[in-house]
file data25.txt (compact mmCIF, N, CA and C atoms and all ligand atoms)
# COMPACT_ATOMS: atom_id res chain seq x y z
N MET A 1 -51.56 26.76 -12.58
CA MET A 1 -50.28 27.50 -12.63
C MET A 1 -49.33 26.81 -13.62
N GLN A 2 -48.63 27.64 -14.36
CA GLN A 2 -47.73 27.10 -15.36
C GLN A 2 -46.32 26.97 -14.79
N TRP A 3 -45.53 26.10 -15.40
CA TRP A 3 -44.16 25.91 -14.97
C TRP A 3 -43.37 27.21 -15.02
N SER A 4 -43.66 28.01 -16.01
CA SER A 4 -42.89 29.24 -16.18
C SER A 4 -43.13 30.21 -15.03
N ASN A 5 -44.27 30.07 -14.32
CA ASN A 5 -44.54 30.93 -13.18
C ASN A 5 -43.83 30.44 -11.93
N ILE A 6 -43.57 29.14 -11.87
CA ILE A 6 -42.90 28.58 -10.70
C ILE A 6 -41.40 28.91 -10.76
N PHE A 7 -40.82 28.73 -11.91
CA PHE A 7 -39.40 29.02 -12.08
C PHE A 7 -39.24 30.42 -12.65
N ASN A 8 -38.92 31.34 -11.75
CA ASN A 8 -38.80 32.73 -12.17
C ASN A 8 -37.77 32.95 -13.26
N ILE A 9 -36.77 32.09 -13.28
CA ILE A 9 -35.67 32.27 -14.22
C ILE A 9 -36.17 32.15 -15.66
N ASN A 10 -37.23 31.37 -15.84
CA ASN A 10 -37.77 31.20 -17.19
C ASN A 10 -38.91 32.16 -17.48
N LYS A 11 -39.20 33.01 -16.54
CA LYS A 11 -40.35 33.88 -16.70
C LYS A 11 -40.13 34.86 -17.85
N LYS A 12 -41.10 34.90 -18.73
CA LYS A 12 -41.03 35.78 -19.89
C LYS A 12 -42.08 36.86 -19.73
N CYS A 13 -41.69 38.06 -20.02
CA CYS A 13 -42.66 39.16 -19.98
C CYS A 13 -43.69 38.96 -21.08
N THR A 14 -44.96 39.09 -20.73
CA THR A 14 -46.01 38.93 -21.74
C THR A 14 -46.46 40.28 -22.28
N HIS A 15 -45.84 41.35 -21.82
CA HIS A 15 -46.09 42.71 -22.31
C HIS A 15 -47.58 43.06 -22.25
N ASP A 16 -48.22 42.65 -21.16
CA ASP A 16 -49.67 42.84 -21.03
C ASP A 16 -50.09 44.30 -21.01
N LYS A 17 -49.17 45.18 -20.64
CA LYS A 17 -49.56 46.59 -20.49
C LYS A 17 -49.36 47.39 -21.77
N VAL A 18 -48.92 46.73 -22.83
CA VAL A 18 -48.81 47.43 -24.11
C VAL A 18 -50.22 47.66 -24.64
N PRO A 19 -50.62 48.92 -24.88
CA PRO A 19 -52.00 49.19 -25.33
C PRO A 19 -52.26 48.59 -26.71
N LEU A 20 -53.44 48.04 -26.88
CA LEU A 20 -53.76 47.36 -28.12
C LEU A 20 -54.00 48.32 -29.29
N ASP A 21 -54.21 49.59 -28.99
CA ASP A 21 -54.45 50.53 -30.09
C ASP A 21 -53.16 51.12 -30.63
N GLN A 22 -52.02 50.67 -30.11
CA GLN A 22 -50.73 51.12 -30.61
C GLN A 22 -50.12 50.04 -31.50
N ASP A 23 -49.47 50.45 -32.58
CA ASP A 23 -48.76 49.48 -33.42
C ASP A 23 -47.48 49.03 -32.72
N ILE A 24 -46.76 50.02 -32.23
CA ILE A 24 -45.46 49.75 -31.61
C ILE A 24 -45.36 50.58 -30.34
N TYR A 25 -44.87 49.98 -29.24
CA TYR A 25 -44.93 50.65 -27.95
C TYR A 25 -43.86 50.04 -27.05
N TYR A 26 -43.26 50.88 -26.21
CA TYR A 26 -42.31 50.36 -25.24
C TYR A 26 -43.06 49.75 -24.06
N CYS A 27 -42.79 48.49 -23.78
CA CYS A 27 -43.46 47.79 -22.70
C CYS A 27 -43.08 48.41 -21.36
N PRO A 28 -44.07 48.82 -20.53
CA PRO A 28 -43.76 49.44 -19.24
C PRO A 28 -43.12 48.47 -18.25
N ASP A 29 -43.26 47.18 -18.47
CA ASP A 29 -42.72 46.18 -17.54
C ASP A 29 -41.27 45.84 -17.82
N CYS A 30 -40.94 45.58 -19.10
CA CYS A 30 -39.60 45.10 -19.42
C CYS A 30 -38.80 46.09 -20.26
N GLY A 31 -39.45 47.15 -20.75
CA GLY A 31 -38.72 48.17 -21.49
C GLY A 31 -38.42 47.82 -22.94
N GLU A 32 -38.85 46.64 -23.37
CA GLU A 32 -38.61 46.25 -24.76
C GLU A 32 -39.58 46.98 -25.68
N LEU A 33 -39.12 47.20 -26.91
CA LEU A 33 -40.00 47.76 -27.92
C LEU A 33 -40.84 46.62 -28.48
N VAL A 34 -42.16 46.74 -28.30
CA VAL A 34 -43.06 45.64 -28.62
C VAL A 34 -44.01 46.04 -29.74
N GLU A 35 -44.19 45.12 -30.69
CA GLU A 35 -45.10 45.37 -31.81
C GLU A 35 -46.36 44.53 -31.62
N ASN A 36 -47.52 45.15 -31.77
CA ASN A 36 -48.78 44.42 -31.77
C ASN A 36 -49.01 43.84 -33.17
N GLN A 37 -49.02 42.53 -33.27
CA GLN A 37 -49.25 41.89 -34.57
C GLN A 37 -50.58 41.17 -34.52
N TRP A 38 -51.46 41.54 -35.47
CA TRP A 38 -52.81 40.98 -35.48
C TRP A 38 -52.91 39.86 -36.49
N PHE A 39 -53.60 38.79 -36.11
CA PHE A 39 -53.74 37.65 -37.00
C PHE A 39 -55.20 37.21 -37.07
N LEU A 40 -55.55 36.69 -38.23
CA LEU A 40 -56.88 36.13 -38.46
C LEU A 40 -56.71 34.67 -38.85
N VAL A 41 -57.65 33.84 -38.42
CA VAL A 41 -57.65 32.45 -38.82
C VAL A 41 -58.86 32.20 -39.71
N ARG A 42 -58.61 31.54 -40.84
CA ARG A 42 -59.70 31.20 -41.75
C ARG A 42 -59.73 29.70 -41.99
N CYS A 43 -60.91 29.20 -42.28
CA CYS A 43 -61.04 27.81 -42.68
C CYS A 43 -60.34 27.60 -44.02
N ALA A 44 -59.51 26.56 -44.11
CA ALA A 44 -58.78 26.31 -45.35
C ALA A 44 -59.72 25.82 -46.44
N CYS A 45 -60.87 25.32 -46.03
CA CYS A 45 -61.81 24.72 -46.97
C CYS A 45 -62.75 25.76 -47.57
N CYS A 46 -63.49 26.49 -46.72
CA CYS A 46 -64.50 27.41 -47.23
C CYS A 46 -64.12 28.87 -47.04
N GLY A 47 -63.05 29.16 -46.30
CA GLY A 47 -62.59 30.54 -46.15
C GLY A 47 -63.31 31.34 -45.09
N MET A 48 -64.20 30.69 -44.33
CA MET A 48 -64.90 31.39 -43.24
C MET A 48 -63.91 31.80 -42.15
N LYS A 49 -64.12 32.98 -41.60
CA LYS A 49 -63.30 33.42 -40.48
C LYS A 49 -63.63 32.59 -39.24
N GLU A 50 -62.58 32.21 -38.52
CA GLU A 50 -62.78 31.48 -37.27
C GLU A 50 -62.19 32.29 -36.13
N VAL A 51 -62.73 32.10 -34.93
CA VAL A 51 -62.20 32.81 -33.77
C VAL A 51 -60.81 32.27 -33.47
N ALA A 52 -59.84 33.16 -33.37
CA ALA A 52 -58.45 32.76 -33.18
C ALA A 52 -58.05 32.82 -31.72
N THR A 53 -57.08 32.01 -31.35
CA THR A 53 -56.50 32.07 -30.02
C THR A 53 -55.02 31.72 -30.16
N VAL A 54 -54.28 31.82 -29.05
CA VAL A 54 -52.85 31.50 -29.10
C VAL A 54 -52.58 30.33 -28.17
N ARG A 55 -51.95 29.28 -28.74
CA ARG A 55 -51.51 28.16 -27.92
C ARG A 55 -50.02 27.93 -28.16
N ASN A 56 -49.26 27.93 -27.09
CA ASN A 56 -47.82 27.73 -27.19
C ASN A 56 -47.17 28.72 -28.15
N GLY A 57 -47.67 29.95 -28.12
CA GLY A 57 -47.08 30.99 -28.96
C GLY A 57 -47.48 30.91 -30.42
N GLU A 58 -48.41 30.02 -30.75
CA GLU A 58 -48.85 29.89 -32.14
C GLU A 58 -50.31 30.28 -32.28
N VAL A 59 -50.62 30.93 -33.39
CA VAL A 59 -52.01 31.32 -33.65
C VAL A 59 -52.76 30.12 -34.19
N VAL A 60 -53.82 29.73 -33.50
CA VAL A 60 -54.63 28.57 -33.89
C VAL A 60 -56.10 28.93 -33.75
N PRO A 61 -56.99 28.19 -34.45
CA PRO A 61 -58.43 28.43 -34.25
C PRO A 61 -58.88 27.94 -32.88
N LEU A 62 -59.82 28.66 -32.27
CA LEU A 62 -60.33 28.30 -30.95
C LEU A 62 -61.07 26.95 -31.01
N GLU A 63 -61.84 26.77 -32.07
CA GLU A 63 -62.58 25.52 -32.25
C GLU A 63 -61.74 24.56 -33.10
N ASN A 64 -62.00 23.29 -32.97
CA ASN A 64 -61.21 22.30 -33.70
C ASN A 64 -61.71 22.07 -35.13
N PHE A 65 -62.86 22.62 -35.43
CA PHE A 65 -63.39 22.42 -36.77
C PHE A 65 -64.18 23.65 -37.18
N CYS A 66 -64.42 23.78 -38.47
CA CYS A 66 -65.17 24.91 -39.00
C CYS A 66 -66.66 24.69 -38.78
N HIS A 67 -67.34 25.71 -38.25
CA HIS A 67 -68.78 25.58 -38.01
C HIS A 67 -69.59 25.68 -39.30
N ASN A 68 -68.97 26.14 -40.34
CA ASN A 68 -69.67 26.30 -41.60
C ASN A 68 -69.64 25.00 -42.42
N CYS A 69 -68.44 24.40 -42.55
CA CYS A 69 -68.32 23.23 -43.42
C CYS A 69 -67.77 22.01 -42.71
N GLY A 70 -67.37 22.15 -41.44
CA GLY A 70 -66.85 21.00 -40.71
C GLY A 70 -65.39 20.70 -40.99
N GLY A 71 -64.76 21.48 -41.83
CA GLY A 71 -63.36 21.26 -42.18
C GLY A 71 -62.43 21.48 -41.00
N LYS A 72 -61.33 20.74 -40.98
CA LYS A 72 -60.39 20.87 -39.87
C LYS A 72 -59.15 21.68 -40.23
N GLY A 73 -58.98 21.95 -41.52
CA GLY A 73 -57.81 22.73 -41.94
C GLY A 73 -58.04 24.21 -41.72
N TYR A 74 -56.95 24.97 -41.54
CA TYR A 74 -57.10 26.41 -41.37
C TYR A 74 -55.86 27.12 -41.90
N THR A 75 -56.04 28.39 -42.19
CA THR A 75 -54.91 29.22 -42.60
C THR A 75 -54.85 30.42 -41.66
N VAL A 76 -53.63 30.90 -41.43
CA VAL A 76 -53.43 32.06 -40.58
C VAL A 76 -52.94 33.21 -41.46
N GLU A 77 -53.60 34.35 -41.35
CA GLU A 77 -53.14 35.50 -42.11
C GLU A 77 -52.93 36.68 -41.18
N ARG A 78 -51.90 37.47 -41.51
CA ARG A 78 -51.61 38.65 -40.71
C ARG A 78 -52.37 39.83 -41.29
N ILE A 79 -52.99 40.62 -40.42
CA ILE A 79 -53.69 41.81 -40.90
C ILE A 79 -52.98 43.04 -40.37
N GLU A 80 -53.01 44.10 -41.15
CA GLU A 80 -52.28 45.32 -40.82
C GLU A 80 -52.90 46.02 -39.62
N LYS A 81 -54.20 46.14 -39.62
CA LYS A 81 -54.90 46.89 -38.59
C LYS A 81 -56.12 46.10 -38.15
N LEU A 82 -56.43 46.22 -36.89
CA LEU A 82 -57.67 45.63 -36.42
C LEU A 82 -58.82 46.58 -36.74
N ASP A 83 -59.85 46.08 -37.40
CA ASP A 83 -61.03 46.92 -37.62
C ASP A 83 -62.24 46.25 -36.97
N CYS A 84 -63.36 46.96 -36.96
CA CYS A 84 -64.52 46.48 -36.22
C CYS A 84 -65.09 45.19 -36.82
N VAL A 85 -64.81 44.94 -38.09
CA VAL A 85 -65.30 43.72 -38.72
C VAL A 85 -64.61 42.49 -38.13
N ASN A 86 -63.32 42.65 -37.83
CA ASN A 86 -62.54 41.50 -37.39
C ASN A 86 -62.34 41.42 -35.88
N ILE A 87 -62.90 42.37 -35.15
CA ILE A 87 -62.54 42.50 -33.73
C ILE A 87 -62.92 41.26 -32.93
N ASN A 88 -63.95 40.54 -33.36
CA ASN A 88 -64.35 39.34 -32.63
C ASN A 88 -63.55 38.11 -33.02
N TYR A 89 -62.76 38.22 -34.09
CA TYR A 89 -62.05 37.06 -34.60
C TYR A 89 -60.54 37.13 -34.39
N ALA A 90 -60.00 38.34 -34.56
CA ALA A 90 -58.55 38.46 -34.61
C ALA A 90 -57.91 38.26 -33.24
N ILE A 91 -56.64 37.89 -33.26
CA ILE A 91 -55.87 37.69 -32.04
C ILE A 91 -54.58 38.48 -32.18
N VAL A 92 -54.08 38.97 -31.07
CA VAL A 92 -52.85 39.76 -31.11
C VAL A 92 -51.68 38.93 -30.57
N LEU A 93 -50.55 39.05 -31.24
CA LEU A 93 -49.29 38.52 -30.72
C LEU A 93 -48.39 39.72 -30.46
N ARG A 94 -47.79 39.75 -29.28
CA ARG A 94 -46.90 40.87 -28.97
C ARG A 94 -45.46 40.40 -29.15
N GLU A 95 -44.83 40.95 -30.18
CA GLU A 95 -43.47 40.53 -30.50
C GLU A 95 -42.49 41.66 -30.23
N ILE A 96 -41.34 41.29 -29.68
CA ILE A 96 -40.30 42.29 -29.42
C ILE A 96 -39.63 42.67 -30.74
N VAL A 97 -39.47 43.96 -30.95
CA VAL A 97 -38.77 44.46 -32.13
C VAL A 97 -37.32 44.71 -31.74
N ASN A 98 -36.42 44.04 -32.39
CA ASN A 98 -35.01 44.12 -32.00
C ASN A 98 -34.27 45.19 -32.81
N ASN A 99 -34.34 46.42 -32.33
CA ASN A 99 -33.53 47.46 -32.98
C ASN A 99 -32.76 48.27 -31.95
N GLU A 100 -32.55 47.70 -30.78
CA GLU A 100 -31.90 48.42 -29.69
C GLU A 100 -30.59 47.75 -29.29
N ILE A 101 -29.92 47.14 -30.25
CA ILE A 101 -28.72 46.36 -29.94
C ILE A 101 -27.59 47.24 -29.41
N ASN A 102 -27.51 48.48 -29.88
CA ASN A 102 -26.42 49.37 -29.48
C ASN A 102 -26.47 49.76 -28.01
N GLU A 103 -27.64 49.70 -27.43
CA GLU A 103 -27.80 50.16 -26.06
C GLU A 103 -26.94 49.37 -25.07
N TYR A 104 -26.82 48.10 -25.29
CA TYR A 104 -26.07 47.25 -24.38
C TYR A 104 -24.60 47.65 -24.38
N THR A 105 -24.04 47.84 -25.56
CA THR A 105 -22.64 48.21 -25.70
C THR A 105 -22.35 49.52 -24.97
N GLN A 106 -23.27 50.46 -25.14
CA GLN A 106 -23.08 51.78 -24.55
C GLN A 106 -23.07 51.72 -23.02
N SER A 107 -24.02 51.01 -22.43
CA SER A 107 -24.09 50.96 -20.98
C SER A 107 -22.89 50.19 -20.41
N TRP A 108 -22.36 49.25 -21.18
CA TRP A 108 -21.17 48.50 -20.75
C TRP A 108 -19.98 49.44 -20.65
N VAL A 109 -19.81 50.30 -21.64
CA VAL A 109 -18.69 51.25 -21.65
C VAL A 109 -18.82 52.21 -20.47
N GLU A 110 -20.03 52.69 -20.21
CA GLU A 110 -20.25 53.61 -19.09
C GLU A 110 -19.93 52.95 -17.76
N ALA A 111 -20.29 51.70 -17.62
CA ALA A 111 -20.01 50.98 -16.39
C ALA A 111 -18.50 50.85 -16.17
N MET A 112 -17.75 50.65 -17.23
CA MET A 112 -16.30 50.52 -17.12
C MET A 112 -15.66 51.84 -16.69
N GLN A 113 -16.22 52.95 -17.18
CA GLN A 113 -15.63 54.25 -16.90
C GLN A 113 -15.93 54.72 -15.48
N THR A 114 -17.05 54.31 -14.93
CA THR A 114 -17.43 54.82 -13.61
C THR A 114 -16.91 53.95 -12.48
N THR A 115 -16.38 52.79 -12.78
CA THR A 115 -15.91 51.91 -11.72
C THR A 115 -14.44 52.19 -11.40
N ASN A 116 -14.06 52.00 -10.13
CA ASN A 116 -12.68 52.22 -9.71
C ASN A 116 -11.91 50.91 -9.64
N TYR A 117 -12.53 49.86 -10.07
CA TYR A 117 -11.92 48.55 -9.96
C TYR A 117 -10.73 48.42 -10.89
N ILE A 118 -9.57 48.07 -10.34
CA ILE A 118 -8.37 47.85 -11.15
C ILE A 118 -8.01 46.38 -11.06
N PRO A 119 -8.02 45.71 -12.17
CA PRO A 119 -7.74 44.26 -12.13
C PRO A 119 -6.32 43.97 -11.68
N LYS A 120 -6.16 42.97 -10.81
CA LYS A 120 -4.84 42.54 -10.40
C LYS A 120 -4.19 41.71 -11.49
N LEU A 121 -2.92 41.77 -11.54
CA LEU A 121 -2.20 40.93 -12.50
C LEU A 121 -2.11 39.51 -11.95
N LEU A 122 -2.42 38.57 -12.79
CA LEU A 122 -2.35 37.18 -12.37
C LEU A 122 -0.98 36.61 -12.67
N LYS A 123 -0.35 36.03 -11.65
CA LYS A 123 0.98 35.45 -11.90
C LYS A 123 0.99 33.98 -11.51
ZN ZN A 201 -42.66 43.38 -21.58
ZN ZN A 202 -65.11 25.78 -43.53
call {"tool": "encode", "arguments": {"input": "data25.txt", "output": "structure tokens"}}
result
Amino acid sequence: MQWSNIFNINKKCTHDKVPLDQDIYYCPDCGELVENQWFLVRCACCGMKEVATVRNGEVVPLENFCHNCGGKGYTVERIEKLDCVNINYAIVLREIVNNEINEYTQSWVEAMQTTNYIPKLLK
């Protein structure tokens, strides 16, 4: 169990229910607009594709070295679409797309209009 699961306050939605065949989708859990971003990891030495994984929010190779040349360096590249050639290698990162900033302001105004609360004057 991770610390983030113990302390609910730090719990971050992982947007697990966003379908992988969609580029952009509203997460059913948190309501954020989430983009599926696909990444490939290649050996920096010979350019062979390596199986990618995510550690601490970063795309890294699953193995510590290249099986082709033994090199430890790697490069991460973003790919537009997942295709059948890369399906065994690529990894997805689900990133929130921030274009809904106006929504907060609007709901705040509505909350003010529907409440009967009248602030007392402080003396
Ligand atoms: Zn979510
Ligand atoms: Zn290599």
call {"tool": "residues_near_ligand", "arguments": {"input": "data25.txt", "ligand": "ligand ZN 201 (chain A)", "cutoff": "5 Å", "atoms": "all atoms listed in the file", "output": "NGL selection string"}}
result
:A and (13-15 or 27 or 29-30)
call {"tool": "residues_near_point", "arguments": {"input": "data25.txt", "point": "(-40.8, 47.0, -32.2)", "cutoff": "5 Å", "atoms": "only N, CA and C atoms", "output": "list in words"}}
result
Leu33, Val34, Glu35, Ile96 and Val97 of chain A
call {"tool": "residues_near_ligand", "arguments": {"input": "data25.txt", "ligand": "ligand ZN 202 (chain A)", "cutoff": "6.5 Å", "atoms": "only N, CA and C atoms and all ligand atoms", "output": "JSON, numbers by chain"}}
result
{"A": [43, 44, 45, 46, 47, 48, 66, 67, 68, 69, 70, 71]}
call {"tool": "select_by_dssp", "arguments": {"input": "data25.txt", "residues": "segment 3-55 of chain A", "states": "helix (DSSP H, G or I)", "output": "list in words"}}
result
Trp3, Ser4, Asn5, Ile6, Asn8, Ile9 and Asn10 of chain A
call {"tool": "write_last_selection", "arguments": {"input": "data25.txt", "atoms": "N, CA and C atoms", "output": "CSV table (one decimal), keeping the file's coordinate frame"}}
result
chain,number,residue,atom,x,y,z
A,3,TRP,N,-45.5,26.1,-15.4
A,3,TRP,CA,-44.2,25.9,-15.0
A,3,TRP,C,-43.4,27.2,-15.0
A,4,SER,N,-43.7,28.0,-16.0
A,4,SER,CA,-42.9,29.2,-16.2
A,4,SER,C,-43.1,30.2,-15.0
A,5,ASN,N,-44.3,30.1,-14.3
A,5,ASN,CA,-44.5,30.9,-13.2
A,5,ASN,C,-43.8,30.4,-11.9
A,6,ILE,N,-43.6,29.1,-11.9
A,6,ILE,CA,-42.9,28.6,-10.7
A,6,ILE,C,-41.4,28.9,-10.8
A,8,ASN,N,-38.9,31.3,-11.8
A,8,ASN,CA,-38.8,32.7,-12.2
A,8,ASN,C,-37.8,33.0,-13.3
A,9,ILE,N,-36.8,32.1,-13.3
A,9,ILE,CA,-35.7,32.3,-14.2
A,9,ILE,C,-36.2,32.2,-15.7
A,10,ASN,N,-37.2,31.4,-15.8
A,10,ASN,CA,-37.8,31.2,-17.2
A,10,ASN,C,-38.9,32.2,-17.5
call {"tool": "closest_residue", "arguments": {"input": "data25.txt", "among": "A:Asn98, A:Leu62, A:Val41, A:Tyr74", "to": "Asn86 of chain A", "atoms": "only C-alpha atoms"}}
result
A:Val41
call {"tool": "atom_distance", "arguments": {"input": "data25.txt", "atom1": "atom N of Cys84 of chain A", "atom2": "atom CA of Tyr26 of chain A"}}
result
24.3 Å
call {"tool": "atom_distance", "arguments": {"input": "data25.txt", "atom1": "atom CA of Lys12 of chain A", "atom2": "atom N of Glu95 of chain A"}}
result
12.1 Å
call {"tool": "atom_distance", "arguments": {"input": "data25.txt", "atom1": "atom CA of Tyr89 of chain A", "atom2": "atom CA of Gly31 of chain A"}}
result
29.0 Å
call {"tool": "closest_residue", "arguments": {"input": "data25.txt", "among": "A:Asp21, A:Asp16, A:Arg78, A:Asn56", "to": "Ile91 of chain A", "atoms": "only C-alpha atoms"}}
result
A:Arg78
